[in-house]
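Text of the file data-v2.pdb, holding PDB, C-alpha atoms, pLDDT in the B column:
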```
MODEL        1
ATOM      1  CA  MET A  16     152.371  59.458  49.870  1.00 90.00           C
ATOM      2  CA  THR A  17     151.613  63.168  49.730  1.00 94.00           C
ATOM      3  CA  MET A  18     151.572  65.386  52.805  1.00 94.00           C
ATOM      4  CA  HIS A  19     147.785  65.572  52.554  1.00 95.00           C
ATOM      5  CA  GLN A  20     147.556  61.777  52.495  1.00 95.00           C
ATOM      6  CA  GLN A  21     149.937  61.466  55.437  1.00 96.00           C
ATOM      7  CA  LEU A  22     147.927  63.964  57.474  1.00 96.00           C
ATOM      8  CA  GLY A  23     144.749  62.074  56.609  1.00 96.00           C
ATOM      9  CA  ARG A  24     146.376  58.881  57.861  1.00 97.00           C
ATOM     10  CA  MET A  25     147.444  60.663  61.042  1.00 97.00           C
ATOM     11  CA  ILE A  26     143.870  61.820  61.629  1.00 97.00           C
ATOM     12  CA  ASP A  27     142.819  58.165  61.211  1.00 97.00           C
ATOM     13  CA  TYR A  28     145.453  57.196  63.771  1.00 98.00           C
ATOM     14  CA  HIS A  29     144.374  59.926  66.185  1.00 98.00           C
ATOM     15  CA  LEU A  30     140.741  58.780  66.112  1.00 98.00           C
ATOM     16  CA  TRP A  31     141.743  55.107  66.309  1.00 98.00           C
ATOM     17  CA  ALA A  32     143.903  55.811  69.353  1.00 98.00           C
ATOM     18  CA  GLN A  33     141.173  57.901  70.975  1.00 98.00           C
ATOM     19  CA  GLU A  34     138.735  55.031  70.493  1.00 98.00           C
ATOM     20  CA  ARG A  35     141.195  52.635  72.113  1.00 98.00           C
ATOM     21  CA  ALA A  36     141.900  54.916  75.072  1.00 98.00           C
ATOM     22  CA  LEU A  37     138.189  55.414  75.621  1.00 97.00           C
ATOM     23  CA  GLY A  38     137.639  51.666  75.401  1.00 97.00           C
ATOM     24  CA  SER A  39     140.139  51.076  78.201  1.00 97.00           C
ATOM     25  CA  MET A  40     138.112  53.407  80.425  1.00 96.00           C
ATOM     26  CA  GLU A  41     134.808  51.853  79.350  1.00 96.00           C
ATOM     27  CA  THR A  42     135.971  48.387  80.439  1.00 96.00           C
ATOM     28  CA  MET A  43     136.447  49.825  83.935  1.00 94.00           C
ATOM     29  CA  ALA A  44     132.903  51.296  83.946  1.00 87.00           C
ATOM     30  CA  GLU A  45     132.271  53.023  87.291  1.00 88.00           C
ATOM     31  CA  ALA A  46     135.883  52.440  88.374  1.00 93.00           C
ATOM     32  CA  ALA A  47     137.282  54.520  85.512  1.00 94.00           C
ATOM     33  CA  PRO A  48     139.630  57.073  87.047  1.00 95.00           C
ATOM     34  CA  THR A  49     138.358  60.634  87.143  1.00 93.00           C
ATOM     35  CA  ASP A  50     141.695  62.038  86.009  1.00 93.00           C
ATOM     36  CA  ALA A  51     141.668  59.772  82.930  1.00 95.00           C
ATOM     37  CA  MET A  52     138.195  60.995  81.994  1.00 94.00           C
ATOM     38  CA  THR A  53     139.295  64.592  82.569  1.00 92.00           C
ATOM     39  CA  LEU A  54     142.332  64.110  80.339  1.00 94.00           C
ATOM     40  CA  PHE A  55     140.229  62.448  77.667  1.00 95.00           C
ATOM     41  CA  GLY A  56     137.787  65.328  77.844  1.00 93.00           C
ATOM     42  CA  HIS A  57     140.664  67.775  77.532  1.00 92.00           C
ATOM     43  CA  ILE A  58     141.781  66.127  74.281  1.00 95.00           C
ATOM     44  CA  VAL A  59     138.258  66.207  72.845  1.00 94.00           C
ATOM     45  CA  GLN A  60     137.772  69.827  73.928  1.00 91.00           C
ATOM     46  CA  ALA A  61     141.075  70.873  72.384  1.00 93.00           C
ATOM     47  CA  ASP A  62     140.258  69.016  69.161  1.00 94.00           C
ATOM     48  CA  TRP A  63     136.972  70.924  68.958  1.00 92.00           C
ATOM     49  CA  VAL A  64     138.608  74.300  69.688  1.00 92.00           C
ATOM     50  CA  TRP A  65     141.300  73.768  67.046  1.00 95.00           C
ATOM     51  CA  HIS A  66     138.730  72.648  64.496  1.00 95.00           C
ATOM     52  CA  ARG A  67     136.751  75.828  65.132  1.00 94.00           C
ATOM     53  CA  ARG A  68     139.943  77.870  64.708  1.00 95.00           C
ATOM     54  CA  LEU A  69     140.574  76.179  61.370  1.00 96.00           C
ATOM     55  CA  ALA A  70     137.046  77.265  60.447  1.00 94.00           C
ATOM     56  CA  GLY A  71     137.906  80.907  61.220  1.00 93.00           C
ATOM     57  CA  GLU A  72     136.427  81.139  64.704  1.00 91.00           C
ATOM     58  CA  SER A  73     138.089  81.764  68.052  1.00 88.00           C
ATOM     59  CA  PRO A  74     135.971  80.043  70.694  1.00 86.00           C
ATOM     60  CA  SER A  75     136.563  81.173  74.245  1.00 76.00           C
ATOM     61  CA  VAL A  76     134.416  78.558  75.956  1.00 69.00           C
ATOM     62  CA  ALA A  77     134.258  74.793  75.784  1.00 65.00           C
ATOM     63  CA  LEU A  78     131.572  73.001  73.811  1.00 62.00           C
ATOM     64  CA  PHE A  79     131.055  70.035  76.097  1.00 60.00           C
ATOM     65  CA  ASP A  80     130.062  69.681  79.744  1.00 63.00           C
ATOM     66  CA  GLU A  81     132.125  68.027  82.444  1.00 72.00           C
ATOM     67  CA  PHE A  82     133.524  64.591  81.785  1.00 80.00           C
ATOM     68  CA  THR A  83     132.343  62.822  84.900  1.00 80.00           C
ATOM     69  CA  ASP A  84     131.544  59.424  83.436  1.00 88.00           C
ATOM     70  CA  VAL A  85     132.589  57.357  80.452  1.00 93.00           C
ATOM     71  CA  SER A  86     129.245  57.815  78.713  1.00 92.00           C
ATOM     72  CA  ALA A  87     129.874  61.581  78.591  1.00 89.00           C
ATOM     73  CA  CYS A  88     133.336  60.848  77.178  1.00 91.00           C
ATOM     74  CA  ARG A  89     131.800  58.549  74.552  1.00 95.00           C
ATOM     75  CA  ALA A  90     129.194  61.097  73.460  1.00 92.00           C
ATOM     76  CA  ALA A  91     131.758  63.886  73.133  1.00 91.00           C
ATOM     77  CA  PHE A  92     134.181  61.623  71.277  1.00 95.00           C
ATOM     78  CA  GLU A  93     131.531  60.546  68.763  1.00 96.00           C
ATOM     79  CA  GLU A  94     130.749  64.172  67.979  1.00 92.00           C
ATOM     80  CA  SER A  95     134.422  65.131  67.745  1.00 93.00           C
ATOM     81  CA  ALA A  96     135.247  62.153  65.532  1.00 96.00           C
ATOM     82  CA  SER A  97     132.425  63.087  63.172  1.00 97.00           C
ATOM     83  CA  ILE A  98     133.750  66.641  62.880  1.00 95.00           C
ATOM     84  CA  TRP A  99     137.289  65.462  62.135  1.00 96.00           C
ATOM     85  CA  ARG A 100     136.127  62.830  59.634  1.00 97.00           C
ATOM     86  CA  SER A 101     134.309  65.571  57.756  1.00 96.00           C
ATOM     87  CA  TYR A 102     137.428  67.757  57.804  1.00 96.00           C
ATOM     88  CA  GLN A 103     139.502  64.804  56.636  1.00 95.00           C
ATOM     89  CA  THR A 104     137.219  64.237  53.647  1.00 95.00           C
ATOM     90  CA  ASN A 105     138.128  67.659  52.254  1.00 94.00           C
ATOM     91  CA  LEU A 106     141.732  67.709  53.451  1.00 95.00           C
ATOM     92  CA  HIS A 107     143.089  67.296  49.902  1.00 95.00           C
ATOM     93  CA  GLN A 108     141.704  70.778  49.094  1.00 95.00           C
ATOM     94  CA  VAL A 109     143.384  72.491  52.040  1.00 96.00           C
ATOM     95  CA  ASN A 110     146.380  74.790  51.546  1.00 98.00           C
ATOM     96  CA  LEU A 111     148.552  73.479  54.375  1.00 98.00           C
ATOM     97  CA  GLY A 112     150.760  76.576  54.294  1.00 98.00           C
ATOM     98  CA  GLU A 113     147.836  78.945  54.800  1.00 98.00           C
ATOM     99  CA  ARG A 114     148.085  80.885  58.044  1.00 98.00           C
ATOM    100  CA  VAL A 115     145.124  80.850  60.382  1.00 97.00           C
ATOM    101  CA  GLN A 116     144.633  83.879  62.607  1.00 97.00           C
ATOM    102  CA  TYR A 117     142.903  83.186  65.905  1.00 95.00           C
ATOM    103  CA  ARG A 118     142.679  84.153  69.543  1.00 91.00           C
ATOM    104  CA  ASN A 119     143.398  81.747  72.344  1.00 88.00           C
ATOM    105  CA  VAL A 120     140.990  81.348  75.251  1.00 82.00           C
ATOM    106  CA  LYS A 121     142.734  84.262  77.039  1.00 84.00           C
ATOM    107  CA  GLY A 122     142.097  86.511  74.035  1.00 87.00           C
ATOM    108  CA  ASP A 123     145.721  86.683  72.821  1.00 92.00           C
ATOM    109  CA  ALA A 124     146.130  86.835  69.035  1.00 96.00           C
ATOM    110  CA  PHE A 125     148.188  84.225  67.173  1.00 97.00           C
ATOM    111  CA  GLY A 126     148.692  82.941  63.667  1.00 97.00           C
ATOM    112  CA  ASN A 127     149.920  79.520  62.582  1.00 98.00           C
ATOM    113  CA  SER A 128     149.918  77.478  59.400  1.00 98.00           C
ATOM    114  CA  ILE A 129     147.290  74.803  58.973  1.00 98.00           C
ATOM    115  CA  LEU A 130     150.099  72.238  58.855  1.00 98.00           C
ATOM    116  CA  ASP A 131     151.399  73.414  62.233  1.00 98.00           C
ATOM    117  CA  ILE A 132     147.913  73.363  63.746  1.00 98.00           C
ATOM    118  CA  LEU A 133     147.188  69.841  62.522  1.00 97.00           C
ATOM    119  CA  THR A 134     150.589  68.654  63.727  1.00 97.00           C
ATOM    120  CA  HIS A 135     149.875  70.172  67.123  1.00 97.00           C
ATOM    121  CA  VAL A 136     146.424  68.575  67.396  1.00 96.00           C
ATOM    122  CA  LEU A 137     147.792  65.135  66.583  1.00 95.00           C
ATOM    123  CA  ASN A 138     150.786  65.392  68.938  1.00 96.00           C
ATOM    124  CA  HIS A 139     148.679  66.851  71.735  1.00 96.00           C
ATOM    125  CA  GLY A 140     146.425  63.802  71.749  1.00 96.00           C
ATOM    126  CA  THR A 141     149.371  61.416  71.827  1.00 96.00           C
ATOM    127  CA  TYR A 142     150.869  63.188  74.826  1.00 96.00           C
ATOM    128  CA  HIS A 143     147.705  63.023  76.896  1.00 96.00           C
ATOM    129  CA  ARG A 144     146.833  59.452  75.908  1.00 97.00           C
ATOM    130  CA  GLY A 145     150.077  58.424  77.613  1.00 97.00           C
ATOM    131  CA  GLN A 146     148.821  60.101  80.769  1.00 97.00           C
ATOM    132  CA  ILE A 147     145.479  58.322  80.414  1.00 97.00           C
ATOM    133  CA  ALA A 148     147.277  54.975  80.104  1.00 98.00           C
ATOM    134  CA  ARG A 149     149.229  55.666  83.295  1.00 97.00           C
ATOM    135  CA  SER A 150     146.052  56.636  85.141  1.00 97.00           C
ATOM    136  CA  VAL A 151     144.162  53.531  83.970  1.00 97.00           C
ATOM    137  CA  ARG A 152     147.083  51.296  85.005  1.00 97.00           C
ATOM    138  CA  GLN A 153     147.344  52.925  88.435  1.00 97.00           C
ATOM    139  CA  ALA A 154     143.610  52.371  88.966  1.00 96.00           C
ATOM    140  CA  GLY A 155     144.002  48.654  88.250  1.00 96.00           C
ATOM    141  CA  GLY A 156     142.790  48.671  84.669  1.00 96.00           C
ATOM    142  CA  THR A 157     144.486  47.600  81.466  1.00 96.00           C
ATOM    143  CA  PRO A 158     145.621  50.574  79.410  1.00 97.00           C
ATOM    144  CA  ALA A 159     145.022  50.526  75.689  1.00 97.00           C
ATOM    145  CA  VAL A 160     147.882  50.079  73.278  1.00 97.00           C
ATOM    146  CA  THR A 161     147.771  53.301  71.258  1.00 97.00           C
ATOM    147  CA  ASP A 162     151.222  53.300  69.653  1.00 96.00           C
ATOM    148  CA  TYR A 163     151.259  54.406  66.034  1.00 96.00           C
ATOM    149  CA  ILE A 164     153.052  51.223  64.979  1.00 97.00           C
ATOM    150  CA  SER A 165     150.146  49.153  66.347  1.00 97.00           C
ATOM    151  CA  PHE A 166     147.787  51.226  64.210  1.00 97.00           C
ATOM    152  CA  ALA A 167     150.029  50.720  61.167  1.00 96.00           C
ATOM    153  CA  ARG A 168     150.211  46.961  61.738  1.00 97.00           C
ATOM    154  CA  GLU A 169     146.441  46.744  62.060  1.00 95.00           C
ATOM    155  CA  ARG A 170     145.545  49.072  59.201  1.00 91.00           C
ATOM    156  CA  GLY A 171     148.422  48.272  56.854  1.00 84.00           C
TER     157      GLY A 171
ENDMDL
END
```
As structure tokens, what does this structure read like?
Amino acid sequence: MTMHQQLGRMIDYHLWAQERALGSMETMAEAAPTDAMTLFGHIVQADWVWHRRLAGESPSVALFDEFTDVSACRAAFEESASIWRSYQTNLHQVNLGERVQYRNVKGDAFGNSILDILTHVLNHGTYHRGQIARSVRQAGGTPAVTDYISFARERG
């Protein structure tokens, strides 16, 4: 498997895991914990910001509104997933070593390789999905299983 193929698979995993985490909140409906929705929103926001940076922009404001209910989380996720699926389609053409220059939301200038940015995006989501699982469990819900190995077993 090439690096491009592996990154494509990791994007698949990221979106699969996001779907699962969101599903665990959706089963709780009105009882979904606010902090879980906020964390989910943070992942989606960050995914959008990093995608825009890969496109040569440096957004300083968030795209989506507050994440105060699971339907807002669902709508934002659907849009984010569509953006990343489109990026994934052309991933084989991307020079992973290319450096992307951007400014963070504070206006500080940085530059990182596309490989480092994609690695960050994928790890960032994993980190926060663990926090979402804890929040869902503490609120009496059943957290989603979002481990990579579960994805691999399901998808082959």
Expected selection from the PyMOL selection byres ((chain A and resi 166) around 12), given as a VMD selection string: chain A and resid 24 to 35 159 to 165 167 to 171
Distance query stretch 115-122 of chain A at most 10 Å, all atoms listed in the file, self and fewer than 5 positions along chain excluded, as an mmCIF file with C-alpha atoms, keeping the file's coordinate frame:
```cif
data_model
loop_
_atom_site.group_PDB
_atom_site.id
_atom_site.type_symbol
_atom_site.label_atom_id
_atom_site.label_comp_id
_atom_site.auth_asym_id
_atom_site.auth_seq_id
_atom_site.Cartn_x
_atom_site.Cartn_y
_atom_site.Cartn_z
ATOM 1 C CA VAL A 64 138.608 74.300 69.688
ATOM 2 C CA TRP A 65 141.300 73.768 67.046
ATOM 3 C CA ARG A 67 136.751 75.828 65.132
ATOM 4 C CA ARG A 68 139.943 77.870 64.708
ATOM 5 C CA LEU A 69 140.574 76.179 61.370
ATOM 6 C CA ALA A 70 137.046 77.265 60.447
ATOM 7 C CA GLY A 71 137.906 80.907 61.220
ATOM 8 C CA GLU A 72 136.427 81.139 64.704
ATOM 9 C CA SER A 73 138.089 81.764 68.052
ATOM 10 C CA PRO A 74 135.971 80.043 70.694
ATOM 11 C CA SER A 75 136.563 81.173 74.245
ATOM 12 C CA VAL A 76 134.416 78.558 75.956
ATOM 13 C CA ALA A 77 134.258 74.793 75.784
ATOM 14 C CA ASN A 127 149.920 79.520 62.582
ATOM 15 C CA SER A 128 149.918 77.478 59.400
ATOM 16 C CA ILE A 129 147.290 74.803 58.973
ATOM 17 C CA ASP A 131 151.399 73.414 62.233
ATOM 18 C CA ILE A 132 147.913 73.363 63.746
#
```
Reference answer for the PyMOL selection byres ((chain A and resi 43-55) around 8), as an MDAnalysis selection string: chainID A and resid 37 39:42 56:59 81:85 88 143:144 146:148 150:151 154 156
Now that the selection is made, can you save its residues with C-alpha atoms as a PDB file, in the frame of the given file?
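Saved to selection_8.pdb:
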```pdb
ATOM      1  CA  LEU A  37     138.189  55.414  75.621  1.00 97.00           C
ATOM      2  CA  SER A  39     140.139  51.076  78.201  1.00 97.00           C
ATOM      3  CA  MET A  40     138.112  53.407  80.425  1.00 96.00           C
ATOM      4  CA  GLU A  41     134.808  51.853  79.350  1.00 96.00           C
ATOM      5  CA  THR A  42     135.971  48.387  80.439  1.00 96.00           C
ATOM      6  CA  GLY A  56     137.787  65.328  77.844  1.00 93.00           C
ATOM      7  CA  HIS A  57     140.664  67.775  77.532  1.00 92.00           C
ATOM      8  CA  ILE A  58     141.781  66.127  74.281  1.00 95.00           C
ATOM      9  CA  VAL A  59     138.258  66.207  72.845  1.00 94.00           C
ATOM     10  CA  GLU A  81     132.125  68.027  82.444  1.00 72.00           C
ATOM     11  CA  PHE A  82     133.524  64.591  81.785  1.00 80.00           C
ATOM     12  CA  THR A  83     132.343  62.822  84.900  1.00 80.00           C
ATOM     13  CA  ASP A  84     131.544  59.424  83.436  1.00 88.00           C
ATOM     14  CA  VAL A  85     132.589  57.357  80.452  1.00 93.00           C
ATOM     15  CA  CYS A  88     133.336  60.848  77.178  1.00 91.00           C
ATOM     16  CA  HIS A 143     147.705  63.023  76.896  1.00 96.00           C
ATOM     17  CA  ARG A 144     146.833  59.452  75.908  1.00 97.00           C
ATOM     18  CA  GLN A 146     148.821  60.101  80.769  1.00 97.00           C
ATOM     19  CA  ILE A 147     145.479  58.322  80.414  1.00 97.00           C
ATOM     20  CA  ALA A 148     147.277  54.975  80.104  1.00 98.00           C
ATOM     21  CA  SER A 150     146.052  56.636  85.141  1.00 97.00           C
ATOM     22  CA  VAL A 151     144.162  53.531  83.970  1.00 97.00           C
ATOM     23  CA  ALA A 154     143.610  52.371  88.966  1.00 96.00           C
ATOM     24  CA  GLY A 156     142.790  48.671  84.669  1.00 96.00           C
TER      25      GLY A 156
END
```
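For the pair atom CA of A:Ala90 and atom CA of A:Leu22, the separation is 24.8 Å.
Distance-wise, atom CA of A:Arg152 and atom CA of A:Ala36 end up 11.8 Å apart.
Coordinates place atom CA of A:Glu113 at a distance of 13.5 Å from atom CA of A:Phe125.
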